[in-house]
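Listing of start.pdb; format and content: PDB, C-alpha atoms.
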```pdb
ATOM      1  CA  ALA A 192     186.652  88.348  79.031
ATOM      2  CA  ILE A 193     186.752  87.436  82.727
ATOM      3  CA  VAL A 194     183.665  89.543  83.448
ATOM      4  CA  HIS A 195     181.912  87.955  80.479
ATOM      5  CA  PHE A 196     182.773  84.449  81.702
ATOM      6  CA  VAL A 197     181.600  85.156  85.260
ATOM      7  CA  SER A 198     178.328  86.707  84.084
ATOM      8  CA  TYR A 199     177.416  83.794  81.850
ATOM      9  CA  SER A 200     178.679  80.943  84.062
ATOM     10  CA  LEU A 201     177.317  82.206  87.381
ATOM     11  CA  ILE A 202     174.635  84.845  86.890
ATOM     12  CA  LEU A 203     172.853  83.303  83.892
ATOM     13  CA  PRO A 204     172.088  79.926  85.597
ATOM     14  CA  TRP A 205     170.826  81.800  88.655
ATOM     15  CA  ILE A 206     168.546  83.963  86.500
ATOM     16  CA  SER A 207     167.276  80.860  84.684
ATOM     17  CA  SER A 208     166.451  79.183  87.996
ATOM     18  CA  LYS A 209     164.632  82.256  89.298
ATOM     19  CA  THR A 210     162.740  82.608  86.011
ATOM     20  CA  GLU A 211     161.546  79.005  86.258
ATOM     21  CA  THR A 212     160.459  79.644  89.853
ATOM     22  CA  GLN A 213     158.626  82.770  88.717
ATOM     23  CA  PHE A 214     156.631  80.823  86.133
ATOM     24  CA  LYS A 215     155.646  78.235  88.777
ATOM     25  CA  LEU A 216     154.593  80.865  91.306
ATOM     26  CA  GLU A 217     152.572  82.774  88.720
ATOM     27  CA  GLY A 218     150.901  79.525  87.639
ATOM     28  CA  LYS A 219     149.884  78.735  91.224
ATOM     29  CA  PHE A 220     148.577  82.267  91.700
ATOM     30  CA  ARG A 221     146.487  82.124  88.504
ATOM     31  CA  PHE A 222     145.127  78.705  89.471
ATOM     32  CA  SER A 223     144.077  79.960  92.914
ATOM     33  CA  HIS A 224     142.490  83.033  91.369
ATOM     34  CA  ALA A 225     140.543  80.850  88.909
ATOM     35  CA  ARG A 226     139.299  78.611  91.747
ATOM     36  CA  VAL A 227     137.988  81.637  93.638
ATOM     37  CA  ARG A 228     136.217  82.887  90.520
ATOM     38  CA  GLU A 229     134.585  79.494  89.911
ATOM     39  CA  ASN A 230     133.652  78.752  93.544
ATOM     40  CA  ALA A 231     133.010  82.256  94.895
ATOM     41  CA  GLU A 232     129.465  81.550  96.060
ATOM     42  CA  SER A 233     130.342  78.262  97.785
ATOM     43  CA  MET A 234     133.288  79.907  99.544
ATOM     44  CA  SER A 235     131.073  82.762 100.717
ATOM     45  CA  PHE A 236     128.395  80.406 102.059
ATOM     46  CA  PHE A 237     131.087  78.590 104.054
ATOM     47  CA  GLY A 238     132.418  81.934 105.311
ATOM     48  CA  GLY A 239     135.783  81.300 103.690
ATOM     49  CA  ASP A 240     136.229  84.704 102.062
ATOM     50  CA  ARG A 241     138.911  85.834 104.505
ATOM     51  CA  THR A 242     140.684  82.486 104.314
ATOM     52  CA  GLU A 243     140.789  82.517 100.512
ATOM     53  CA  LYS A 244     141.875  86.157 100.473
ATOM     54  CA  SER A 245     144.714  85.344 102.856
ATOM     55  CA  LYS A 246     145.818  82.416 100.672
ATOM     56  CA  ILE A 247     145.824  84.475  97.485
ATOM     57  CA  GLN A 248     147.644  87.355  99.152
ATOM     58  CA  GLU A 249     150.289  84.932 100.408
ATOM     59  CA  LYS A 250     150.791  83.527  96.895
ATOM     60  CA  PHE A 251     150.895  87.030  95.402
ATOM     61  CA  LYS A 252     153.542  88.098  97.930
ATOM     62  CA  LYS A 253     155.684  85.143  96.865
ATOM     63  CA  VAL A 254     155.261  86.107  93.200
ATOM     64  CA  LEU A 255     156.156  89.730  93.917
ATOM     65  CA  SER A 256     159.104  88.845  96.156
ATOM     66  CA  ASN A 257     160.652  86.512  93.581
ATOM     67  CA  LEU A 258     160.027  89.067  90.821
ATOM     68  CA  LYS A 259     161.867  91.752  92.772
ATOM     69  CA  ILE A 260     164.878  89.456  93.232
ATOM     70  CA  LEU A 261     164.778  88.495  89.551
ATOM     71  CA  SER A 262     164.552  92.103  88.379
ATOM     72  CA  PHE A 263     167.471  93.121  90.594
ATOM     73  CA  LEU A 264     169.972  91.301  88.368
ATOM     74  CA  TYR A 265     167.957  90.539  85.224
ATOM     75  CA  VAL A 266     167.663  94.158  84.049
ATOM     76  CA  PRO A 267     171.378  94.983  84.566
ATOM     77  CA  PHE A 268     172.293  91.663  82.932
ATOM     78  CA  GLN A 269     170.178  92.489  79.876
ATOM     79  CA  PHE A 270     171.835  95.902  79.717
ATOM     80  CA  TYR A 271     175.281  94.289  79.942
ATOM     81  CA  GLN A 272     174.376  91.857  77.149
ATOM     82  CA  LYS A 273     173.394  94.691  74.837
ATOM     83  CA  VAL A 274     176.521  96.659  75.666
ATOM     84  CA  ALA A 275     178.736  93.600  75.148
ATOM     85  CA  GLN A 276     176.963  92.858  71.877
ATOM     86  CA  TYR A 277     177.247  96.305  70.293
ATOM     87  CA  PHE A 278     180.291  97.854  71.976
ATOM     88  CA  PRO A 279     182.896  96.357  69.594
ATOM     89  CA  TYR A 280     180.923  97.492  66.551
ATOM     90  CA  VAL A 281     180.352 100.965  67.933
ATOM     91  CA  THR A 282     184.020 101.282  68.827
ATOM     92  CA  ILE A 283     185.223 100.187  65.401
ATOM     93  CA  LEU A 284     182.634 102.415  63.719
ATOM     94  CA  PHE A 285     183.867 105.350  65.774
ATOM     95  CA  VAL A 286     187.457 104.618  64.806
ATOM     96  CA  THR A 287     186.439 104.313  61.160
ATOM     97  CA  LEU A 288     184.687 107.679  61.277
ATOM     98  CA  LEU A 289     187.777 109.247  62.809
ATOM     99  CA  MET A 290     189.944 107.729  60.096
ATOM    100  CA  SER A 291     187.575 109.099  57.462
ATOM    101  CA  TYR A 292     187.556 112.536  59.064
ATOM    102  CA  PHE A 293     191.353 112.756  59.205
ATOM    103  CA  GLN A 294     191.575 111.106  55.770
ATOM    104  CA  ILE A 295     193.543 108.136  57.065
ATOM    105  CA  SER A 296     193.236 105.217  54.691
ATOM    106  CA  PRO A 297     192.730 101.764  56.200
ATOM    107  CA  PHE A 298     194.585 100.274  53.269
ATOM    108  CA  HIS A 299     198.304 100.112  52.809
ATOM    109  CA  SER A 300     200.465  99.152  49.884
ATOM    110  CA  GLY A 301     201.294  95.705  51.237
ATOM    111  CA  GLN A 302     197.676  94.478  51.299
ATOM    112  CA  SER A 303     196.442  92.000  48.751
ATOM    113  CA  THR A 304     193.198  92.330  46.856
ATOM    114  CA  GLU A 305     191.544  89.648  48.984
ATOM    115  CA  GLU A 306     192.500  91.446  52.202
ATOM    116  CA  LYS A 307     191.129  94.728  50.880
ATOM    117  CA  ALA A 308     187.875  93.042  49.820
ATOM    118  CA  SER A 309     187.558  91.408  53.246
ATOM    119  CA  LEU A 310     188.118  94.746  54.958
ATOM    120  CA  ILE A 311     185.524  96.444  52.754
ATOM    121  CA  THR A 312     183.005  93.682  53.535
ATOM    122  CA  TYR A 313     183.647  94.023  57.234
ATOM    123  CA  MET A 314     183.249  97.822  57.104
ATOM    124  CA  LEU A 315     180.021  97.402  55.125
ATOM    125  CA  ARG A 316     178.686  95.039  57.787
ATOM    126  CA  LEU A 317     179.786  97.519  60.416
ATOM    127  CA  SER A 318     177.863 100.303  58.724
ATOM    128  CA  LEU A 319     174.677  98.177  58.839
ATOM    129  CA  GLU A 320     174.876  97.585  62.591
ATOM    130  CA  PRO A 321     173.499 101.035  63.526
ATOM    131  CA  ILE A 322     170.507 100.337  61.271
ATOM    132  CA  TYR A 323     169.952  97.039  63.082
ATOM    133  CA  MET A 324     170.163  98.789  66.463
ATOM    134  CA  MET A 325     167.611 101.387  65.363
ATOM    135  CA  THR A 326     165.324  98.558  64.233
ATOM    136  CA  GLN A 327     165.554  96.950  67.675
ATOM    137  CA  ILE A 328     164.647 100.274  69.290
ATOM    138  CA  TYR A 329     161.659 100.522  66.959
ATOM    139  CA  PHE A 330     160.467  97.043  67.968
ATOM    140  CA  LEU A 331     160.573  98.110  71.622
ATOM    141  CA  ASN A 332     157.487 100.118  70.797
ATOM    142  CA  SER A 333     155.411  96.917  70.809
ATOM    143  CA  TYR A 334     156.562  96.074  74.342
ATOM    144  CA  VAL A 335     155.698  99.590  75.507
ATOM    145  CA  ILE A 336     152.244  99.246  73.954
ATOM    146  CA  ASN A 337     151.700  95.930  75.793
ATOM    147  CA  VAL A 338     152.673  97.550  79.086
ATOM    148  CA  PHE A 339     150.292 100.453  78.510
ATOM    149  CA  SER A 340     147.445  98.151  77.456
ATOM    150  CA  SER A 341     147.914  95.998  80.574
ATOM    151  CA  SER A 342     147.947  99.103  82.751
ATOM    152  CA  GLN A 343     144.793 100.313  81.045
ATOM    153  CA  ARG A 344     143.009  97.013  81.729
ATOM    154  CA  VAL A 345     143.974  97.196  85.398
ATOM    155  CA  GLY A 346     142.737 100.796  85.504
ATOM    156  CA  ASN A 347     139.437  99.821  83.892
ATOM    157  CA  PHE A 348     139.038  97.013  86.428
ATOM    158  CA  LEU A 349     139.599  99.400  89.351
ATOM    159  CA  ASP A 350     137.139 101.875  87.816
ATOM    160  CA  ALA A 351     134.544  99.088  87.499
ATOM    161  CA  LEU A 352     134.979  98.216  91.185
ATOM    162  CA  ASN A 353     134.520 101.850  92.169
ATOM    163  CA  ASP A 354     131.426 102.137  89.950
ATOM    164  CA  LEU A 355     129.990  98.992  91.536
ATOM    165  CA  LYS A 356     130.614 100.383  95.012
ATOM    166  CA  ASN A 357     129.092 103.759  94.128
ATOM    167  CA  ASP A 358     126.105 102.079  92.487
ATOM    168  CA  SER A 359     125.548 100.010  95.627
ATOM    169  CA  ASN A 360     125.627 103.161  97.757
ATOM    170  CA  ASP A 361     123.296 105.013  95.407
ATOM    171  CA  ARG A 362     120.677 102.260  95.572
ATOM    172  CA  ASN A 363     120.857 102.119  99.391
ATOM    173  CA  VAL A 364     121.278  98.358  99.418
ATOM    174  CA  LYS A 365     120.766  96.815 102.847
ATOM    175  CA  TYR A 366     121.925  93.460 104.164
ATOM    176  CA  VAL A 367     120.628  91.057 106.751
ATOM    177  CA  THR A 368     120.529  92.465 110.283
ATOM    178  CA  TYR A 369     120.910  90.485 113.504
ATOM    179  CA  ASP A 370     118.486  91.056 116.342
ATOM    180  CA  SER A 371     120.093  91.183 119.785
ATOM    181  CA  SER A 372     116.740  90.739 121.549
ATOM    182  CA  PRO A 373     115.605  87.327 122.898
ATOM    183  CA  SER A 374     113.580  86.810 119.711
ATOM    184  CA  SER A 375     114.569  83.651 117.823
ATOM    185  CA  SER A 376     112.607  84.064 114.610
ATOM    186  CA  ILE A 377     113.703  84.735 111.046
ATOM    187  CA  LYS A 378     111.729  87.546 109.481
ATOM    188  CA  PHE A 379     111.382  88.873 105.948
ATOM    189  CA  GLU A 380     109.435  92.137 106.084
ATOM    190  CA  ASN A 381     108.300  93.494 102.695
ATOM    191  CA  VAL A 382     111.571  92.438 101.130
ATOM    192  CA  SER A 383     112.321  93.353  97.518
ATOM    193  CA  CYS A 384     115.444  91.955  95.876
ATOM    194  CA  ASN A 385     117.134  92.406  92.505
ATOM    195  CA  THR A 386     119.794  90.288  90.836
ATOM    196  CA  PRO A 387     123.250  91.793  90.173
ATOM    197  CA  ASN A 388     121.929  92.466  86.642
ATOM    198  CA  ASP A 389     119.137  94.540  88.237
ATOM    199  CA  ASN A 390     116.356  92.067  87.409
ATOM    200  CA  ARG A 391     113.588  91.968  90.023
ATOM    201  CA  LEU A 392     113.288  88.625  91.842
ATOM    202  CA  LEU A 393     111.274  89.385  94.956
ATOM    203  CA  SER A 394     108.700  92.093  95.590
ATOM    204  CA  ASN A 395     107.190  92.858  99.005
ATOM    205  CA  PHE A 396     108.040  89.377 100.273
ATOM    206  CA  THR A 397     106.946  88.787 103.876
ATOM    207  CA  PHE A 398     107.681  85.610 105.803
ATOM    208  CA  THR A 399     108.344  84.580 109.422
ATOM    209  CA  LEU A 400     109.935  81.343 110.619
ATOM    210  CA  GLU A 401     109.790  80.733 114.366
ATOM    211  CA  GLN A 402     112.196  78.557 116.339
ATOM    212  CA  GLY A 403     111.315  74.873 116.024
ATOM    213  CA  GLU A 404     109.383  75.309 112.809
ATOM    214  CA  HIS A 405     110.396  73.677 109.529
ATOM    215  CA  ALA A 406     109.900  75.043 106.048
ATOM    216  CA  ILE A 407     110.480  73.835 102.498
ATOM    217  CA  ILE A 408     110.861  76.440  99.786
ATOM    218  CA  MET A 409     109.501  75.148  96.488
ATOM    219  CA  GLY A 410     109.105  76.663  93.065
ATOM    220  CA  PRO A 411     110.357  76.624  89.472
ATOM    221  CA  SER A 412     113.915  77.439  88.549
ATOM    222  CA  GLY A 413     114.701  81.138  88.728
ATOM    223  CA  CYS A 414     111.852  82.070  91.056
ATOM    224  CA  GLY A 415     114.194  83.147  93.881
ATOM    225  CA  LYS A 416     114.710  80.109  96.113
ATOM    226  CA  SER A 417     118.494  80.386  96.146
ATOM    227  CA  SER A 418     118.187  84.163  96.370
ATOM    228  CA  LEU A 419     116.574  83.814  99.810
ATOM    229  CA  MET A 420     119.591  81.811 100.984
ATOM    230  CA  ARG A 421     121.950  84.419  99.515
ATOM    231  CA  ILE A 422     120.110  87.143 101.400
ATOM    232  CA  LEU A 423     120.209  85.155 104.661
ATOM    233  CA  GLY A 424     123.889  84.408 104.126
ATOM    234  CA  GLY A 425     124.695  88.070 103.557
ATOM    235  CA  LEU A 426     125.824  87.531  99.965
ATOM    236  CA  TRP A 427     123.078  89.668  98.419
ATOM    237  CA  GLY A 428     121.541  92.850  99.651
ATOM    238  CA  ILE A 429     117.918  93.939  99.481
ATOM    239  CA  SER A 430     116.639  97.136  97.940
ATOM    240  CA  GLU A 431     113.522  97.426 100.110
ATOM    241  CA  GLY A 432     112.255  95.990 103.372
ATOM    242  CA  ASN A 433     114.136  94.246 106.171
ATOM    243  CA  CYS A 434     115.604  90.817 106.777
ATOM    244  CA  ILE A 435     116.041  90.149 110.492
ATOM    245  CA  CYS A 436     117.725  87.077 112.006
ATOM    246  CA  PRO A 437     118.639  86.063 115.576
ATOM    247  CA  GLN A 438     122.075  86.997 116.866
ATOM    248  CA  GLY A 439     123.154  83.346 116.966
ATOM    249  CA  PHE A 440     122.314  83.017 113.277
ATOM    250  CA  LYS A 441     125.850  84.233 112.511
ATOM    251  CA  ASN A 442     127.180  80.826 113.580
ATOM    252  CA  ILE A 443     124.968  78.894 111.148
ATOM    253  CA  MET A 444     126.754  77.432 108.147
ATOM    254  CA  PHE A 445     124.980  77.187 104.821
ATOM    255  CA  MET A 446     125.428  74.205 102.534
ATOM    256  CA  PRO A 447     126.018  75.552  99.029
ATOM    257  CA  GLN A 448     124.516  73.943  95.942
ATOM    258  CA  LYS A 449     127.985  73.438  94.458
ATOM    259  CA  LEU A 450     130.424  71.337  96.459
ATOM    260  CA  TYR A 451     133.750  72.975  97.227
ATOM    261  CA  ILE A 452     136.858  70.870  97.844
ATOM    262  CA  VAL A 453     139.825  72.715  99.319
ATOM    263  CA  LEU A 454     143.392  72.108  98.219
ATOM    264  CA  GLY A 455     144.921  70.296 101.144
ATOM    265  CA  SER A 456     144.353  67.437 103.532
ATOM    266  CA  LEU A 457     141.181  65.916 104.982
ATOM    267  CA  ARG A 458     141.871  67.989 108.088
ATOM    268  CA  ASP A 459     141.803  71.192 106.017
ATOM    269  CA  GLN A 460     138.512  70.164 104.397
ATOM    270  CA  ILE A 461     136.788  69.480 107.715
ATOM    271  CA  LEU A 462     138.164  72.586 109.449
ATOM    272  CA  TYR A 463     137.427  74.908 106.514
ATOM    273  CA  PRO A 464     137.271  77.885 106.671
ATOM    274  CA  LEU A 465     139.464  77.602 109.783
ATOM    275  CA  VAL A 466     142.568  76.822 107.729
ATOM    276  CA  HIS A 467     145.831  77.564 109.486
ATOM    277  CA  SER A 468     148.907  79.051 107.892
ATOM    278  CA  GLU A 469     152.168  77.133 107.605
ATOM    279  CA  LYS A 470     153.607  79.034 110.575
ATOM    280  CA  GLU A 471     150.559  78.300 112.754
ATOM    281  CA  PHE A 472     150.606  74.659 111.671
ATOM    282  CA  LYS A 473     154.241  74.258 112.772
ATOM    283  CA  THR A 474     153.488  75.916 116.122
ATOM    284  CA  MET A 475     150.486  73.648 116.731
ATOM    285  CA  LYS A 476     152.581  70.609 115.856
ATOM    286  CA  LYS A 477     155.229  71.575 118.398
ATOM    287  CA  ASP A 478     152.887  72.318 121.324
ATOM    288  CA  GLY A 479     150.798  69.176 120.728
ATOM    289  CA  SER A 480     147.503  70.950 120.026
ATOM    290  CA  LEU A 481     147.434  69.459 116.521
ATOM    291  CA  LYS A 482     147.064  65.951 117.985
ATOM    292  CA  LEU A 483     144.016  67.050 119.985
ATOM    293  CA  ILE A 484     142.434  68.541 116.865
ATOM    294  CA  ASP A 485     143.080  65.350 114.893
ATOM    295  CA  MET A 486     141.535  63.297 117.700
ATOM    296  CA  LYS A 487     138.353  65.425 117.628
ATOM    297  CA  ILE A 488     138.221  65.133 113.832
ATOM    298  CA  ARG A 489     138.460  61.336 114.035
ATOM    299  CA  ASN A 490     135.638  61.245 116.581
ATOM    300  CA  ILE A 491     133.451  63.422 114.348
ATOM    301  CA  ILE A 492     134.132  61.226 111.316
ATOM    302  CA  ARG A 493     133.281  58.069 113.259
ATOM    303  CA  SER A 494     130.100  59.655 114.670
ATOM    304  CA  VAL A 495     128.707  60.003 111.136
ATOM    305  CA  SER A 496     129.641  56.393 110.239
ATOM    306  CA  LEU A 497     132.551  57.372 107.965
ATOM    307  CA  GLY A 498     135.296  55.858 110.080
ATOM    308  CA  TYR A 499     136.278  53.530 107.211
ATOM    309  CA  ILE A 500     137.996  56.439 105.402
ATOM    310  CA  LEU A 501     140.501  56.626 108.255
ATOM    311  CA  ASP A 502     141.659  53.049 107.753
TER
END
```
Output the file's structure in the form of structure tokens.
Amino acid sequence: AIVHFVSYSLILPWISSKTETQFKLEGKFRFSHARVRENAESMSFFGGDRTEKSKIQEKFKKVLSNLKILSFLYVPFQFYQKVAQYFPYVTILFVTLLMSYFQISPFHSGQSTEEKASLITYMLRLSLEPIYMMTQIYFLNSYVINVFSSSQRVGNFLDALNDLKNDSNDRNVKYVTYDSSPSSSIKFENVSCNTPNDNRLLSNFTFTLEQGEHAIIMGPSGCGKSSLMRILGGLWGISEGNCICPQGFKNIMFMPQKLYIVLGSLRDQILYPLVHSEKEFKTMKKDGSLKLIDMKIRNIIRSVSLGYILD
């Protein structure tokens, strides 16, 4: 009784609190994963792939860490609940079987008819408990099936990633290369490009843009305008030809068609993808470097006539 009281008064509230935390952490992880799926191209154009990966990994570690703590006591507690629930019935059933084996009658001459009927009803209920336990074991099959189906989906996803990687290697897909020579031109030399669905967009495309020149790419929807930017940004590869850019082209930031707003402060939005972790943020706040960054951000905002948002 003491063990039962301690388990339900102390352990159960702790498990409930950890379970609530687990739901919150999983919700945040799913939300972050959905944002990456919806804004993948914009994040890639900004060069925020590593930043977003770091954020998701940090959230996943929190989910996994809390789940390990929860499982440490939740599984034994569930086992204890089942034992506490069925142990009295199993014990009495065992005693009843022994009495039947040694032909010991549970009735005695001093019992009334009502007492005998109550005892028979109780023994009948006791005999049904093993059937109930077997039914519960049978229903566990559905949980096992769910676990196997989830594992199969994860396996199929990993197989799809491997197939995509192998397919990319088989097609000899090349990406933009950076010229270390003094040349400052952007060159497309007989470039052919396919969409991820293997539909041809560009064939033998040749184009050169010298430093100081300006160009506007025009054409109907689906003709490959955005595809050129994806190739220059390193998001898409090319099946034939070469795309050559100056070495300093790595520092150029592309403006995506779809606006991406980070979850955080105005500082995080302006510095993206240079988003600092909580530990780095605390260190910068202590050594005073955060004030210098904020001062530069204010100057940048005022230089583009947006100083009113700081008021």
Query raised in the report: Within 10 Å of stretch 242-253 of chain A, counting only C-alpha atoms, which residues qualify if same-chain residues fewer than 3 places away don't, as a PyMOL selection string?
Result: chain A and resi 213+216-217+219-224+226-227+231+234-235+238-239+256-259+453+463-468
Requested in this report: Convert the output of the PyMOL selection byres ((chain A and resi 419) around 10) on the shown file into explicit residues, formatted as a PyMOL selection string.
Outcome: chain A and resi 379+384+392-393+408+415-418+420-427+434
Keeping only C-alpha atoms, write those residues as a PDB file, keeping the file's coordinate frame.
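Wrote it out as part02.pdb, contents follow:
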```pdb
ATOM      1  CA  PHE A 379     111.382  88.873 105.948  1.00  0.00           C
ATOM      2  CA  CYS A 384     115.444  91.955  95.876  1.00  0.00           C
ATOM      3  CA  LEU A 392     113.288  88.625  91.842  1.00  0.00           C
ATOM      4  CA  LEU A 393     111.274  89.385  94.956  1.00  0.00           C
ATOM      5  CA  ILE A 408     110.861  76.440  99.786  1.00  0.00           C
ATOM      6  CA  GLY A 415     114.194  83.147  93.881  1.00  0.00           C
ATOM      7  CA  LYS A 416     114.710  80.109  96.113  1.00  0.00           C
ATOM      8  CA  SER A 417     118.494  80.386  96.146  1.00  0.00           C
ATOM      9  CA  SER A 418     118.187  84.163  96.370  1.00  0.00           C
ATOM     10  CA  MET A 420     119.591  81.811 100.984  1.00  0.00           C
ATOM     11  CA  ARG A 421     121.950  84.419  99.515  1.00  0.00           C
ATOM     12  CA  ILE A 422     120.110  87.143 101.400  1.00  0.00           C
ATOM     13  CA  LEU A 423     120.209  85.155 104.661  1.00  0.00           C
ATOM     14  CA  GLY A 424     123.889  84.408 104.126  1.00  0.00           C
ATOM     15  CA  GLY A 425     124.695  88.070 103.557  1.00  0.00           C
ATOM     16  CA  LEU A 426     125.824  87.531  99.965  1.00  0.00           C
ATOM     17  CA  TRP A 427     123.078  89.668  98.419  1.00  0.00           C
ATOM     18  CA  CYS A 434     115.604  90.817 106.777  1.00  0.00           C
TER      19      CYS A 434
END
```
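For the pair atom CA of A:Phe445 and atom CA of A:Phe237, the interatomic distance is 6.3 Å.
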Report task. Given the file shown, determine the residues that the PyMOL selection byres ((chain A and resi 369) around 10) selects; report them as a list in words. Result -> Tyr366, Val367, Thr368, Asp370, Ser371, Ser372, Ile377, Cys434, Ile435, Cys436, Pro437, Gln438, Gly439, Phe440 and Lys441 of chain A
Residue selection dump (C-alpha atoms) as a PDB file, keeping the file's coordinate frame:
```pdb
ATOM      1  CA  TYR A 366     121.925  93.460 104.164  1.00  0.00           C
ATOM      2  CA  VAL A 367     120.628  91.057 106.751  1.00  0.00           C
ATOM      3  CA  THR A 368     120.529  92.465 110.283  1.00  0.00           C
ATOM      4  CA  ASP A 370     118.486  91.056 116.342  1.00  0.00           C
ATOM      5  CA  SER A 371     120.093  91.183 119.785  1.00  0.00           C
ATOM      6  CA  SER A 372     116.740  90.739 121.549  1.00  0.00           C
ATOM      7  CA  ILE A 377     113.703  84.735 111.046  1.00  0.00           C
ATOM      8  CA  CYS A 434     115.604  90.817 106.777  1.00  0.00           C
ATOM      9  CA  ILE A 435     116.041  90.149 110.492  1.00  0.00           C
ATOM     10  CA  CYS A 436     117.725  87.077 112.006  1.00  0.00           C
ATOM     11  CA  PRO A 437     118.639  86.063 115.576  1.00  0.00           C
ATOM     12  CA  GLN A 438     122.075  86.997 116.866  1.00  0.00           C
ATOM     13  CA  GLY A 439     123.154  83.346 116.966  1.00  0.00           C
ATOM     14  CA  PHE A 440     122.314  83.017 113.277  1.00  0.00           C
ATOM     15  CA  LYS A 441     125.850  84.233 112.511  1.00  0.00           C
TER      16      LYS A 441
END
```
Kindly compute an axis-aligned box around the listed atoms of stretch 392-395 of chain A, allowing 3 Å on each side, and express its centre and edge lengths in Å to one decimal as JSON.
```
{"center_x": 110.2, "center_y": 90.7, "center_z": 95.4, "size_x": 12.1, "size_y": 10.2, "size_z": 13.2}
```
Query raised in the report: Using the chain letters and numbers from the file, which residues does the PyMOL selection byres ((chain A and resi 428-432) around 6) grab, as a VMD selection string?
Result: chain A and resid 364 to 366 380 to 384 427 433
**Report entry** atom CA of A:Met444 to atom CA of A:Asp240, distance in Å rounded to a single decimal
**Finding:**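 Computing the Euclidean distance for atom CA of A:Met444 and atom CA of A:Asp240 yields 13.4 Å.
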Report summary line: Separating atom CA of A:Pro387 from atom CA of A:Lys356, to the nearest tenth of an Å, is a gap of 12.3 Å
